[in-house]
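Asker: Provided herewith: coords.cif, mmCIF, C-alpha atoms and all ligand atoms.
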data_entry
#
loop_
_atom_site.label_atom_id
_atom_site.label_comp_id
_atom_site.auth_asym_id
_atom_site.auth_seq_id
_atom_site.Cartn_x
_atom_site.Cartn_y
_atom_site.Cartn_z
CA MET Z 284 21.25 80.15 44.36
CA ALA Z 285 24.90 79.16 44.85
CA GLY Z 286 27.13 82.21 44.32
CA GLU Z 287 24.30 84.27 42.83
CA ASP Z 288 22.92 87.54 44.11
CA CYS Z 289 19.34 86.38 43.54
CA ASP Z 290 17.18 83.85 41.69
CA VAL Z 291 15.64 86.29 39.21
CA THR Z 292 16.81 89.79 38.28
CA ILE Z 293 14.30 91.97 36.44
CA LEU Z 294 15.69 94.93 34.53
CA GLY Z 295 13.35 97.91 34.25
CA GLY Z 296 10.79 98.84 36.90
CA GLY Z 297 8.22 100.01 34.34
CA LEU Z 298 4.94 98.28 33.62
CA ALA Z 299 6.13 94.85 32.45
CA GLY Z 300 9.03 94.51 34.91
CA SER Z 301 6.91 95.60 37.87
CA LEU Z 302 4.07 93.23 37.00
CA ILE Z 303 6.51 90.32 36.76
CA ALA Z 304 8.05 91.29 40.09
CA LEU Z 305 4.61 91.54 41.73
CA ALA Z 306 3.42 88.25 40.28
CA LEU Z 307 6.56 86.34 41.34
CA ALA Z 308 6.59 87.95 44.81
CA ARG Z 309 2.95 87.01 45.38
CA LYS Z 310 2.92 83.48 43.93
CA ARG Z 311 6.54 82.36 44.29
CA PRO Z 312 7.70 83.58 47.70
CA ASP Z 313 10.42 80.92 47.56
CA LEU Z 314 12.32 83.02 45.00
CA SER Z 315 14.68 85.89 45.75
CA LEU Z 316 14.12 88.80 43.35
CA LEU Z 317 15.92 91.95 42.32
CA LEU Z 318 14.11 94.72 40.42
CA ILE Z 319 16.48 97.27 38.91
CA GLU Z 320 15.23 100.67 37.72
CA ALA Z 321 17.29 103.52 36.30
CA GLY Z 322 14.77 106.20 37.26
CA ASP Z 323 14.13 107.56 40.73
CA ARG Z 324 10.77 105.79 41.02
CA ILE Z 325 8.92 102.73 39.88
CA GLY Z 326 6.58 103.15 36.92
CA GLY Z 327 7.54 106.62 35.67
CA GLU Z 328 4.61 108.97 34.95
CA HIS Z 329 1.82 107.00 33.28
CA THR Z 330 -1.87 106.33 33.37
CA TRP Z 331 -2.42 102.81 32.02
CA SER Z 332 -5.94 101.92 30.98
CA PHE Z 333 -7.48 98.67 29.88
CA PHE Z 334 -10.80 97.03 29.17
CA GLU Z 335 -11.65 94.32 31.66
CA SER Z 336 -12.25 91.98 28.73
CA ASP Z 337 -8.57 92.43 27.68
CA ILE Z 338 -7.49 90.41 30.71
CA ALA Z 339 -8.20 86.70 31.25
CA ARG Z 340 -10.41 86.15 34.28
CA HIS Z 341 -7.75 84.01 36.00
CA ASP Z 342 -5.16 86.84 35.67
CA ARG Z 343 -7.24 89.69 37.11
CA TRP Z 344 -5.92 89.19 40.67
CA LEU Z 345 -2.66 90.78 39.56
CA LEU Z 346 -4.27 94.08 38.51
CA ALA Z 347 -6.95 94.27 41.23
CA PRO Z 348 -4.77 96.11 43.82
CA LEU Z 349 -3.49 98.52 41.14
CA VAL Z 350 -6.75 99.86 39.72
CA CYS Z 351 -7.44 103.48 40.74
CA HIS Z 352 -10.55 104.24 38.65
CA SER Z 353 -13.22 102.09 36.99
CA TRP Z 354 -16.18 102.83 34.75
CA VAL Z 355 -18.90 100.56 33.37
CA GLU Z 356 -19.17 102.06 29.89
CA HIS Z 357 -17.43 104.55 27.63
CA ASP Z 358 -18.13 106.83 24.67
CA VAL Z 359 -16.63 107.46 21.25
CA ALA Z 360 -17.49 110.47 19.09
CA PHE Z 361 -16.93 111.09 15.36
CA PRO Z 362 -18.14 113.91 13.14
CA ARG Z 363 -21.08 111.82 11.92
CA HIS Z 364 -21.77 109.47 14.80
CA ARG Z 365 -21.46 109.07 18.55
CA ARG Z 366 -21.81 105.91 20.55
CA THR Z 367 -21.84 104.62 24.13
CA LEU Z 368 -20.28 101.18 24.47
CA PRO Z 369 -20.74 98.85 27.43
CA GLY Z 370 -17.89 97.05 29.18
CA ALA Z 371 -15.82 97.81 32.26
CA TYR Z 372 -12.83 100.12 31.69
CA HIS Z 373 -10.14 100.63 34.32
CA ALA Z 374 -7.20 102.97 34.89
CA ILE Z 375 -3.98 102.42 36.83
CA ARG Z 376 -1.76 105.30 37.88
CA SER Z 377 1.96 104.69 37.98
CA SER Z 378 2.03 106.15 41.51
CA ARG Z 379 -0.25 103.31 42.67
CA LEU Z 380 1.91 100.74 40.89
CA ALA Z 381 4.93 102.12 42.75
CA GLU Z 382 3.11 101.97 46.11
CA VAL Z 383 2.08 98.36 45.58
CA VAL Z 384 5.56 97.30 44.42
CA HIS Z 385 7.16 98.88 47.51
CA ALA Z 386 4.55 97.30 49.78
CA THR Z 387 5.00 93.84 48.24
CA LEU Z 388 8.76 93.45 47.66
CA PRO Z 389 11.31 93.68 50.47
CA PRO Z 390 13.33 96.92 50.28
CA GLU Z 391 16.53 95.07 49.35
CA ALA Z 392 14.77 93.63 46.26
CA ILE Z 393 14.30 97.09 44.68
CA ARG Z 394 17.13 99.25 43.35
CA LEU Z 395 16.22 102.69 42.09
CA GLY Z 396 18.55 105.06 40.29
CA ALA Z 397 20.51 102.02 39.10
CA LYS Z 398 21.32 102.04 35.40
CA VAL Z 399 22.04 98.80 33.58
CA HIS Z 400 24.85 98.90 31.00
CA THR Z 401 24.56 95.42 29.48
CA ALA Z 402 22.79 92.21 30.32
CA GLY Z 403 23.36 88.53 29.65
CA PRO Z 404 21.12 85.55 30.50
CA THR Z 405 22.52 85.33 34.06
CA THR Z 406 24.67 88.43 34.52
CA VAL Z 407 24.20 92.17 34.52
CA LEU Z 408 26.86 94.82 34.16
CA MET Z 409 25.78 98.07 35.78
CA GLN Z 410 26.72 101.52 34.51
CA ASP Z 411 28.79 102.07 37.68
CA GLY Z 412 30.93 99.04 36.79
CA SER Z 413 29.45 96.63 39.37
CA HIS Z 414 28.16 93.18 38.40
CA ILE Z 415 25.07 91.24 39.40
CA SER Z 416 24.71 87.53 38.91
CA ALA Z 417 21.35 85.78 38.93
CA GLY Z 418 19.78 82.42 38.25
CA GLY Z 419 17.99 84.18 35.37
CA VAL Z 420 17.64 87.69 33.96
CA ILE Z 421 14.50 89.24 32.43
CA ASP Z 422 15.08 92.42 30.49
CA ALA Z 423 12.06 94.76 30.52
CA ARG Z 424 13.88 98.05 29.84
CA GLY Z 425 11.37 99.32 27.27
CA VAL Z 426 11.78 99.49 23.50
CA ALA Z 427 14.89 98.12 21.74
CA GLY Z 428 16.00 98.63 18.10
CA LEU Z 429 12.86 100.09 16.57
CA ASP Z 430 14.62 100.57 13.23
CA HIS Z 431 14.06 96.82 12.65
CA LEU Z 432 10.31 97.43 12.57
CA ASN Z 433 8.18 99.22 10.03
CA LEU Z 434 6.31 101.72 12.18
CA GLY Z 435 3.81 104.49 12.43
CA TRP Z 436 3.33 106.31 15.74
CA GLN Z 437 0.65 106.99 18.29
CA LYS Z 438 1.83 110.03 20.20
CA PHE Z 439 0.11 112.10 22.82
CA VAL Z 440 0.40 114.67 25.54
CA GLY Z 441 -1.93 114.40 28.51
CA GLN Z 442 -2.83 116.86 31.25
CA GLU Z 443 -4.68 116.05 34.42
CA LEU Z 444 -6.80 119.10 35.12
CA LEU Z 445 -8.59 120.39 38.19
CA LEU Z 446 -11.62 122.36 37.03
CA GLU Z 447 -13.37 125.25 38.70
CA LYS Z 448 -16.71 123.43 38.43
CA PRO Z 449 -17.83 119.82 37.86
CA HIS Z 450 -17.36 118.72 34.23
CA GLY Z 451 -20.53 116.65 34.05
CA LEU Z 452 -18.89 113.69 32.24
CA GLU Z 453 -20.12 110.36 33.55
CA ARG Z 454 -17.88 108.04 31.60
CA PRO Z 455 -14.61 108.08 29.65
CA LEU Z 456 -14.65 109.53 26.17
CA ILE Z 457 -11.95 107.31 24.75
CA MET Z 458 -12.02 108.84 21.28
CA ASP Z 459 -13.34 112.30 20.48
CA ALA Z 460 -12.53 112.72 16.79
CA THR Z 461 -14.94 115.61 16.26
CA ILE Z 462 -11.97 117.97 16.49
CA GLU Z 463 -9.68 119.48 13.87
CA GLN Z 464 -7.55 116.78 12.21
CA ILE Z 465 -3.83 117.62 12.41
CA ASP Z 466 -0.71 115.47 11.85
CA GLY Z 467 -2.64 112.31 10.88
CA TYR Z 468 -5.56 110.89 12.83
CA ARG Z 469 -6.14 113.12 15.84
CA PHE Z 470 -8.49 112.53 18.75
CA LEU Z 471 -8.92 113.61 22.34
CA TYR Z 472 -9.03 111.01 25.09
CA VAL Z 473 -10.82 112.10 28.26
CA LEU Z 474 -10.95 110.21 31.56
CA PRO Z 475 -13.13 111.73 34.29
CA PHE Z 476 -11.35 110.86 37.56
CA SER Z 477 -13.69 112.74 39.89
CA ALA Z 478 -16.47 115.32 39.57
CA ASP Z 479 -13.95 118.12 38.92
CA THR Z 480 -10.78 116.39 37.70
CA LEU Z 481 -10.07 114.90 34.29
CA LEU Z 482 -7.20 113.56 32.26
CA ILE Z 483 -7.26 114.94 28.71
CA GLU Z 484 -4.83 113.45 26.19
CA ASP Z 485 -4.42 114.97 22.75
CA THR Z 486 -3.49 112.00 20.56
CA TYR Z 487 -2.13 111.65 17.01
CA TYR Z 488 -1.69 108.62 14.76
CA SER Z 489 1.20 110.22 12.95
CA ASP Z 490 3.88 109.27 10.41
CA ARG Z 491 6.53 110.94 12.59
CA PRO Z 492 7.56 110.25 16.19
CA HIS Z 493 8.44 113.88 16.87
CA LEU Z 494 6.34 115.23 19.74
CA ALA Z 495 6.11 118.95 20.53
CA PRO Z 496 4.42 119.30 23.95
CA GLY Z 497 4.66 123.09 23.74
CA THR Z 498 2.40 123.03 20.66
CA ILE Z 499 0.02 120.43 22.02
CA THR Z 500 -0.76 121.66 25.53
CA PRO Z 501 -2.48 124.85 24.25
CA ARG Z 502 -4.69 122.57 22.13
CA ILE Z 503 -5.72 120.69 25.28
CA GLN Z 504 -6.59 123.98 26.95
CA HIS Z 505 -8.48 125.04 23.83
CA TYR Z 506 -10.46 121.78 23.86
CA ALA Z 507 -11.28 122.20 27.56
CA ALA Z 508 -12.43 125.76 26.97
CA GLY Z 509 -14.57 124.62 24.02
CA ARG Z 510 -16.31 122.14 26.33
CA GLY Z 511 -17.00 124.96 28.78
CA TRP Z 512 -14.49 123.61 31.34
CA LYS Z 513 -12.57 126.33 33.23
CA VAL Z 514 -9.20 125.04 34.36
CA ALA Z 515 -8.26 125.87 37.97
CA GLU Z 516 -4.95 123.99 37.89
CA VAL Z 517 -2.88 121.60 35.77
CA LEU Z 518 -2.17 118.82 38.26
CA ARG Z 519 0.12 116.61 36.22
CA GLU Z 520 1.35 115.91 32.69
CA GLU Z 521 2.28 112.74 30.88
CA MET Z 522 3.28 111.99 27.33
CA GLY Z 523 4.08 109.06 25.09
CA VAL Z 524 5.25 108.09 21.62
CA LEU Z 525 4.09 104.52 21.02
CA PRO Z 526 5.15 102.38 18.07
CA ILE Z 527 2.35 101.16 15.80
CA ALA Z 528 3.60 98.12 13.91
CA MET Z 529 3.02 97.68 10.19
CA GLY Z 530 5.70 95.03 9.64
CA GLY Z 531 9.34 94.33 10.35
CA ASP Z 532 11.92 91.73 11.24
CA PHE Z 533 10.95 90.31 14.63
CA ASP Z 534 14.15 88.29 15.14
CA ALA Z 535 16.39 91.26 14.41
CA TYR Z 536 14.34 93.35 16.84
CA TRP Z 537 14.60 90.64 19.51
CA ARG Z 538 18.37 90.36 19.10
CA SER Z 539 18.79 94.13 19.20
CA GLY Z 540 17.42 94.06 22.77
CA GLY Z 541 20.12 91.58 23.86
CA ASP Z 542 20.93 88.23 22.25
CA GLY Z 543 20.08 85.20 24.38
CA VAL Z 544 18.41 87.26 27.14
CA GLY Z 545 14.76 86.72 28.13
CA LYS Z 546 12.73 89.86 27.46
CA ALA Z 547 9.31 91.23 28.41
CA GLY Z 548 7.13 94.23 27.62
CA MET Z 549 7.91 96.54 24.71
CA ARG Z 550 11.43 95.13 24.61
CA ALA Z 551 9.93 91.80 23.54
CA ALA Z 552 7.69 93.53 20.92
CA LEU Z 553 4.77 92.45 23.09
CA PHE Z 554 2.30 95.17 22.18
CA HIS Z 555 -0.89 95.43 20.17
CA PRO Z 556 0.28 96.45 16.67
CA THR Z 557 -2.63 98.84 16.06
CA THR Z 558 -3.05 100.47 19.49
CA GLY Z 559 0.54 100.29 20.74
CA TYR Z 560 -0.82 99.12 24.11
CA SER Z 561 1.15 96.53 26.04
CA LEU Z 562 -0.67 96.07 29.36
CA PRO Z 563 -2.67 92.92 28.44
CA ASP Z 564 0.49 91.15 27.23
CA ALA Z 565 2.43 92.26 30.29
CA VAL Z 566 -0.21 90.71 32.56
CA ARG Z 567 -0.33 87.48 30.57
CA ILE Z 568 3.45 87.08 30.61
CA ALA Z 569 3.74 87.83 34.34
CA SER Z 570 1.06 85.27 35.06
CA ARG Z 571 2.72 82.72 32.76
CA LEU Z 572 6.06 83.08 34.54
CA VAL Z 573 4.69 82.15 37.98
CA ARG Z 574 3.79 78.72 36.62
CA GLU Z 575 7.33 77.98 35.42
CA THR Z 576 9.59 75.82 37.53
CA ASP Z 577 12.77 76.50 35.55
CA LEU Z 578 13.60 80.22 35.71
CA SER Z 579 17.23 79.85 34.68
CA GLY Z 580 18.54 82.35 32.13
CA ASP Z 581 18.37 79.92 29.21
CA ALA Z 582 14.91 78.65 30.13
CA LEU Z 583 13.62 82.23 30.48
CA HIS Z 584 15.02 83.12 27.10
CA ALA Z 585 13.47 80.06 25.43
CA LEU Z 586 10.07 80.65 27.01
CA LEU Z 587 9.88 84.42 26.47
CA TYR Z 588 11.22 84.23 22.93
CA ALA Z 589 8.61 81.57 22.05
CA GLU Z 590 5.78 83.67 23.57
CA ALA Z 591 6.84 86.87 21.83
CA ARG Z 592 7.51 85.19 18.49
CA LYS Z 593 4.09 83.52 18.56
CA ALA Z 594 2.38 86.82 19.41
CA TRP Z 595 4.22 88.51 16.52
CA GLN Z 596 3.13 85.79 14.08
CA ASP Z 597 -0.46 85.74 15.33
CA ARG Z 598 -0.74 89.53 14.91
CA ARG Z 599 -0.15 89.75 11.18
CA PHE Z 600 -3.77 90.84 10.73
CA TYR Z 601 -3.37 93.80 13.10
CA ARG Z 602 -0.19 94.91 11.32
CA MET Z 603 -2.22 94.88 8.12
CA LEU Z 604 -4.87 97.08 9.80
CA SER Z 605 -2.07 99.45 10.87
CA ARG Z 606 -0.90 99.64 7.25
CA MET Z 607 -4.44 100.41 6.14
CA LEU Z 608 -4.64 103.17 8.70
CA PHE Z 609 -1.34 104.73 7.68
CA HIS Z 610 -1.16 104.00 3.95
CA ALA Z 611 -4.69 103.55 2.63
CA ALA Z 612 -5.99 106.88 3.84
CA HIS Z 613 -4.56 110.36 3.32
CA PRO Z 614 -3.64 111.62 6.81
CA PRO Z 615 -6.60 114.04 7.15
CA GLN Z 616 -8.96 111.19 6.15
CA ARG Z 617 -7.62 108.58 8.61
CA TRP Z 618 -10.48 109.24 11.00
CA LYS Z 619 -12.87 107.64 8.50
CA ILE Z 620 -11.29 104.24 9.12
CA LEU Z 621 -11.90 104.53 12.86
CA ASP Z 622 -15.40 105.88 12.30
CA HIS Z 623 -16.12 102.83 10.12
CA PHE Z 624 -14.62 100.49 12.76
CA TYR Z 625 -16.70 101.98 15.58
CA ARG Z 626 -19.94 101.26 13.73
CA LYS Z 627 -19.26 97.52 14.03
CA ASP Z 628 -20.69 95.03 16.48
CA ARG Z 629 -19.56 95.80 20.04
CA SER Z 630 -18.26 92.30 20.76
CA LEU Z 631 -16.09 92.54 17.62
CA ILE Z 632 -14.69 95.85 18.94
CA ARG Z 633 -14.02 94.26 22.34
CA ARG Z 634 -12.14 91.33 20.81
CA PHE Z 635 -10.12 93.68 18.60
CA TYR Z 636 -8.77 95.59 21.63
CA ALA Z 637 -8.00 92.33 23.42
CA GLY Z 638 -6.09 91.14 20.32
CA ARG Z 639 -8.41 88.14 20.06
CA SER Z 640 -10.29 88.82 16.81
CA THR Z 641 -11.89 85.72 15.35
CA LEU Z 642 -11.75 84.76 11.67
CA SER Z 643 -15.31 86.01 11.29
CA ASP Z 644 -14.33 89.35 12.93
CA LYS Z 645 -11.46 89.69 10.46
CA ILE Z 646 -13.75 89.01 7.52
CA ARG Z 647 -16.32 91.48 8.84
CA LEU Z 648 -13.64 94.13 9.41
CA LEU Z 649 -12.56 93.89 5.78
CA SER Z 650 -15.98 93.45 4.20
CA GLY Z 651 -18.27 96.15 2.90
CA LYS Z 652 -17.35 99.33 1.12
CA PRO Z 653 -14.00 100.57 2.44
CA PRO Z 654 -14.14 104.08 3.91
CA VAL Z 655 -11.05 105.03 1.86
CA PRO Z 656 -10.15 104.57 -1.87
CA ILE Z 657 -10.28 100.88 -2.72
CA GLY Z 658 -6.98 100.74 -4.66
CA ARG Z 659 -4.94 102.13 -1.79
CA ALA Z 660 -6.78 99.90 0.71
CA ALA Z 661 -6.01 96.75 -1.32
CA GLY Z 662 -2.34 97.74 -1.60
CA SER Z 663 -2.13 97.89 2.19
CA VAL Z 664 -3.69 94.46 2.65
CA PHE Z 665 -1.04 92.73 0.55
CA GLY Z 666 2.05 94.70 1.54
CA ASP Z 667 3.42 92.65 4.48
CA ARG Z 668 7.01 91.48 4.10
CA SER Z 669 7.56 91.06 7.82
CA LYS Z 670 9.44 88.07 9.20
C1 LIG I 1 2.19 107.95 29.04
C2 LIG I 1 1.87 106.57 28.48
C3 LIG I 1 0.60 106.05 28.66
C4 LIG I 1 0.30 104.77 28.18
N1 LIG I 1 -0.95 104.27 28.36
C5 LIG I 1 -1.18 102.99 28.06
C6 LIG I 1 -2.43 102.40 28.39
O1 LIG I 1 -3.33 103.10 28.84
N2 LIG I 1 -2.60 101.07 28.19
C7 LIG I 1 -1.61 100.30 27.66
O2 LIG I 1 -1.78 99.08 27.53
N3 LIG I 1 -0.46 100.86 27.24
C8 LIG I 1 -0.21 102.17 27.44
N4 LIG I 1 0.97 102.72 27.08
C9 LIG I 1 1.88 101.94 26.22
C10 LIG I 1 2.72 100.89 26.98
O3 LIG I 1 1.88 99.94 27.58
C11 LIG I 1 3.58 101.56 28.03
O4 LIG I 1 4.57 102.28 27.36
C12 LIG I 1 4.23 100.60 29.03
O5 LIG I 1 4.70 101.36 30.09
C13 LIG I 1 5.34 99.76 28.43
O6 LIG I 1 5.79 98.89 29.43
P1 LIG I 1 7.32 98.40 29.49
O7 LIG I 1 7.49 97.80 30.84
O8 LIG I 1 7.66 97.61 28.31
O9 LIG I 1 8.17 99.74 29.41
P2 LIG I 1 8.25 100.92 30.45
O10 LIG I 1 7.00 100.99 31.26
O11 LIG I 1 8.67 102.11 29.68
O12 LIG I 1 9.41 100.47 31.45
C14 LIG I 1 10.75 100.40 31.09
C15 LIG I 1 11.53 100.79 32.33
O13 LIG I 1 12.90 100.47 32.13
C16 LIG I 1 13.67 101.51 32.71
N5 LIG I 1 15.00 101.51 32.07
C17 LIG I 1 15.30 101.88 30.81
N6 LIG I 1 16.62 101.75 30.59
C18 LIG I 1 17.16 101.28 31.75
C19 LIG I 1 18.48 100.94 32.15
N7 LIG I 1 19.53 101.06 31.30
N8 LIG I 1 18.69 100.47 33.41
C20 LIG I 1 17.64 100.32 34.28
N9 LIG I 1 16.36 100.65 33.94
C21 LIG I 1 16.13 101.12 32.69
C22 LIG I 1 12.87 102.77 32.41
O14 LIG I 1 13.23 103.83 33.27
C23 LIG I 1 11.45 102.28 32.64
O15 LIG I 1 11.00 102.48 33.95
C24 LIG I 1 1.29 104.00 27.50
C25 LIG I 1 2.56 104.57 27.30
C26 LIG I 1 2.85 105.83 27.77
C27 LIG I 1 4.21 106.41 27.51
#
Using structure tokens, write down the structure from this file.
Ligand SMILES: Cc1cc2nc3c(=O)[nH]c(=O)nc-3n(C[C@H](O)[C@H](O)[C@H](O)COP(=O)(O)OP(=O)(O)OC[C@H]3O[C@@H](n4cnc5c(N)ncnc54)[C@H](O)[C@@H]3O)c2cc1C
Answerer:
Amino acid sequence: MAGEDCDVTILGGGLAGSLIALALARKRPDLSLLLIEAGDRIGGEHTWSFFESDIARHDRWLLAPLVCHSWVEHDVAFPRHRRTLPGAYHAIRSSRLAEVVHATLPPEAIRLGAKVHTAGPTTVLMQDGSHISAGGVIDARGVAGLDHLNLGWQKFVGQELLLEKPHGLERPLIMDATIEQIDGYRFLYVLPFSADTLLIEDTYYSDRPHLAPGTITPRIQHYAAGRGWKVAEVLREEMGVLPIAMGGDFDAYWRSGGDGVGKAGMRAALFHPTTGYSLPDAVRIASRLVRETDLSGDALHALLYAEARKAWQDRRFYRMLSRMLFHAAHPPQRWKILDHFYRKDRSLIRRFYAGRSTLSDKIRLLSGKPPVPIGRAAGSVFGDRSK
């Protein structure tokens, strides 16, 4: 570490950066780390959920201390069918992530309220004009140049509610599409945290990233009232606008986040193209990094670029499904595609969320009578010009 401030500097104390910091701190105590976050806390305001089957068995140790709630099955509901699916589902609160990061890393390894201006493979220029030098830099500062990707959006506003009486839900309702369809495919996502608290997220697969929380929160209250739930207090709010990838120029996106710098998380385009979720990739990459002996800036760039590029190439099928969702169906009819999907075999559904669909899954997903007009569906299948 001659002349360097630390062995590895991680930019962005969100999901991906924090998981890398935790993994390296636990498995590579020989390394000195620096985790730099612009905000006043680690993790922001998020609830991150995942299916246990999204995470390789040998990587689950990393998430075990972070999980706040777990359920053994979950429901989906559509106008013409409802289903309970087996399989463990877990939720992580960003407050727990922050606690675990502070308990695991020494205080001098975490800098909050520290904004990065620019980053190179081994150097960081901070907004305040100071410099940091490191054996290697990993940039996990969230999304980069999204204009290089062809995108739809999954956007939502969530409220954690304390109810006057128990809600009676035993398991998560991860998609309730029995509601009025507005602004594309709309569903409610409901996580029961305790007998009288729930997180309700009003979610839209929309053509536009614009989010209007002031319009959406009354809809959450309306939904709660319709379920007979009287709200005693709104405990917390969170919101998100996640990119859903239909195509794009991966290399241009990668460069837009900093040429020659190793990247992780959304900044590396490491997210599921159809769900916008990035937690499984973030875990896999963190776990991959602890096995590397060379964590120099150039080696990190080579490794992380290769991982992200391969994921982008392997996910062509999911980008095609995203195009079907956004282009094959008229917005008010998008729910039919999800309804059709959720009638499939449960192991196929599980592999889809994990991003591990087999060839036979892909054939089965495209076979049968499409739920939307066949001409538009076929146009979506063959429209990928992404690089
Ligand atoms: C509310 C919400 C809920 C979500 N739920 C799920 C879910 O259930 N499951 C799932 O898999 N995905 C979920 N996602 C999608 C995705 O996984 C998350 O967005 C995830 O947090 C992305 O991880 P990341 O580390 O790439 O980015 P982030 O978690 O956004 O972290 C980036 C960090 O970099 C910091 N930063 C930015 N600029 C600078 C700078 N100049 N200097 C220093 N720091 C900087 C930011 O403050 C932030 O903390 C959710 C997204 C949101 C918004």
Asker: Any idea what's packed within 9 Å of Arg598 in chain Z, counting all atoms listed in the file, ignoring anything in its chain fewer than 4 positions away? Could you give it as a list in words?
Answerer: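 Listed by chain and then number, they are His555, Pro556, Lys593, Ala594, Arg602, Met603 and Gly638 of chain Z.
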Asker: Between CA of Gly559 in chain Z and CA of Trp344 in chain Z, what is the distance in Å, rounded to a tenth?
Answerer: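 Atom-to-atom, CA of Gly559 in chain Z and CA of Trp344 in chain Z are spaced 23.7 Å apart.
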Asker: Which is closest to Gly326 in chain Z among Z:Leu474, Z:Ala339, Z:Ile375, Z:Ile503, if we use only C-alpha atoms?
Answerer: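 Smallest separation from Gly326 in chain Z among the options: Z:Ile375.
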Asker: Per residue of chain Z within 8 Å of ligand LIG 1 (chain I), record the nearest atom pair and its distance in Å to one decimal, counting only C-alpha atoms and all ligand atoms, with rows in chain order and ascending residue number, as a tab-separated table.
Answerer:
residue	atom	partner	partner_atom	distance
Z:Leu294	CA	I:LIG1	C20	5.7
Z:Gly295	CA	I:LIG1	O13	3.4
Z:Gly296	CA	I:LIG1	O15	4.7
Z:Gly297	CA	I:LIG1	O12	3.2
Z:Leu298	CA	I:LIG1	O7	3.8
Z:Ala299	CA	I:LIG1	O7	3.6
Z:Gly300	CA	I:LIG1	O7	5.5
Z:Ser301	CA	I:LIG1	O7	7.4
Z:Ile319	CA	I:LIG1	C20	5.7
Z:Glu320	CA	I:LIG1	N9	3.9
Z:Ala321	CA	I:LIG1	C20	3.8
Z:Gly322	CA	I:LIG1	O14	4.9
Z:Arg324	CA	I:LIG1	O15	7.8
Z:Ile325	CA	I:LIG1	O15	6.3
Z:Gly326	CA	I:LIG1	O15	5.4
Z:Gly327	CA	I:LIG1	O15	5.7
Z:Glu328	CA	I:LIG1	C1	6.5
Z:His329	CA	I:LIG1	C1	4.4
Z:Thr330	CA	I:LIG1	C3	5.3
Z:Trp331	CA	I:LIG1	O1	3.3
Z:Ser332	CA	I:LIG1	O1	3.6
Z:Phe333	CA	I:LIG1	N2	5.7
Z:Ala374	CA	I:LIG1	O1	7.2
Z:Gly396	CA	I:LIG1	C20	7.7
Z:Ala397	CA	I:LIG1	C20	5.9
Z:Lys398	CA	I:LIG1	N8	3.7
Z:Val399	CA	I:LIG1	N8	3.7
Z:His400	CA	I:LIG1	N7	5.7
Z:Thr401	CA	I:LIG1	N7	7.8
Z:Met409	CA	I:LIG1	N8	7.9
Z:Gln410	CA	I:LIG1	N7	7.9
Z:Ala423	CA	I:LIG1	O7	5.5
Z:Arg424	CA	I:LIG1	O13	3.5
Z:Gly425	CA	I:LIG1	O9	3.9
Z:Val426	CA	I:LIG1	O8	6.6
Z:Phe439	CA	I:LIG1	C1	7.8
Z:Val440	CA	I:LIG1	C1	7.8
Z:Gly441	CA	I:LIG1	C1	7.7
Z:Glu521	CA	I:LIG1	C1	5.1
Z:Met522	CA	I:LIG1	C1	4.5
Z:Gly523	CA	I:LIG1	C27	3.6
Z:Val524	CA	I:LIG1	C27	6.2
Z:Leu525	CA	I:LIG1	C9	6.2
Z:Ala547	CA	I:LIG1	O8	6.6
Z:Gly548	CA	I:LIG1	O8	3.5
Z:Met549	CA	I:LIG1	O8	3.8
Z:Arg550	CA	I:LIG1	O8	5.8
Z:Ala551	CA	I:LIG1	O8	7.9
Z:Leu553	CA	I:LIG1	O8	7.9
Z:Phe554	CA	I:LIG1	O3	7.2
Z:Gly559	CA	I:LIG1	C9	5.9
Z:Tyr560	CA	I:LIG1	O2	3.6
Z:Ser561	CA	I:LIG1	O3	3.8
Z:Leu562	CA	I:LIG1	O2	3.7
Z:Pro563	CA	I:LIG1	O2	6.3
Z:Ala565	CA	I:LIG1	O6	7.5
Asker: Residues near Val359 in chain Z, anyone? I mean within 7 Å using only C-alpha atoms, not counting same-chain ones fewer than 5 positions away, as a list in words.
Answerer: Arg365, Arg366, Thr367, Leu456, Ile457, Met458 and Asp459 of chain Z
Asker: In Å, how far is it from CA of Val573 in chain Z to CA of Arg343 in chain Z?
Answerer: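 Straight-line distance from CA of Val573 in chain Z to CA of Arg343 in chain Z works out to 14.1 Å.
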Asker: Report as number ranges by chain all protein, DNA and RNA residues lying within 10 Å of Glu463 in chain Z, evaluated on all atoms listed in the file, omitting residues in the same chain fewer than 6 positions from it.
Answerer: Z: 469-470, 615
Asker: Report the distance between CA of Tyr588 in chain Z and CA of Asp542 in chain Z in Å, rounded to one decimal place.
Answerer: 10.5 Å
Asker: (-10.8, 90.9, 23.0) in this file's frame - what residues fall within 12 Å of it? Use all atoms listed in the file and give the answer as a list in words.
Answerer: Phe333, Phe334, Glu335, Ser336, Asp337, Ile338, Ala339, Gly370, His555, Pro563, Arg629, Ser630, Leu631, Ile632, Arg633, Arg634, Phe635, Tyr636, Ala637, Gly638, Arg639, Ser640, Thr641 and Asp644 of chain Z
Asker: Show me as a list in words the residues that reach within 9 Å of (-10.8, 125.0, 30.7), counting all atoms listed in the file and using the file's own coordinates.
Answerer: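 Selection result: Leu444, Leu446, Glu447, Ile503, Gln504, His505, Tyr506, Ala507, Ala508, Gly509, Arg510, Gly511, Trp512, Lys513, Val514 and Ala515 of chain Z.
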Asker: Show me, as JSON lines, the residues of range 384-456 of chain Z having an atom within 7 Å of range 535-538 of chain Z, each with the closest atom pair and its distance in Å, using all atoms listed in the file.
Answerer:
{"residue": "Z:Ala427", "atom": "CA", "partner": "Z:Tyr536", "partner_atom": "CA", "distance": 6.9}
{"residue": "Z:Gly428", "atom": "CA", "partner": "Z:Tyr536", "partner_atom": "CA", "distance": 5.7}
{"residue": "Z:Leu429", "atom": "CA", "partner": "Z:Tyr536", "partner_atom": "CA", "distance": 6.9}
{"residue": "Z:His431", "atom": "CA", "partner": "Z:Tyr536", "partner_atom": "CA", "distance": 5.4}
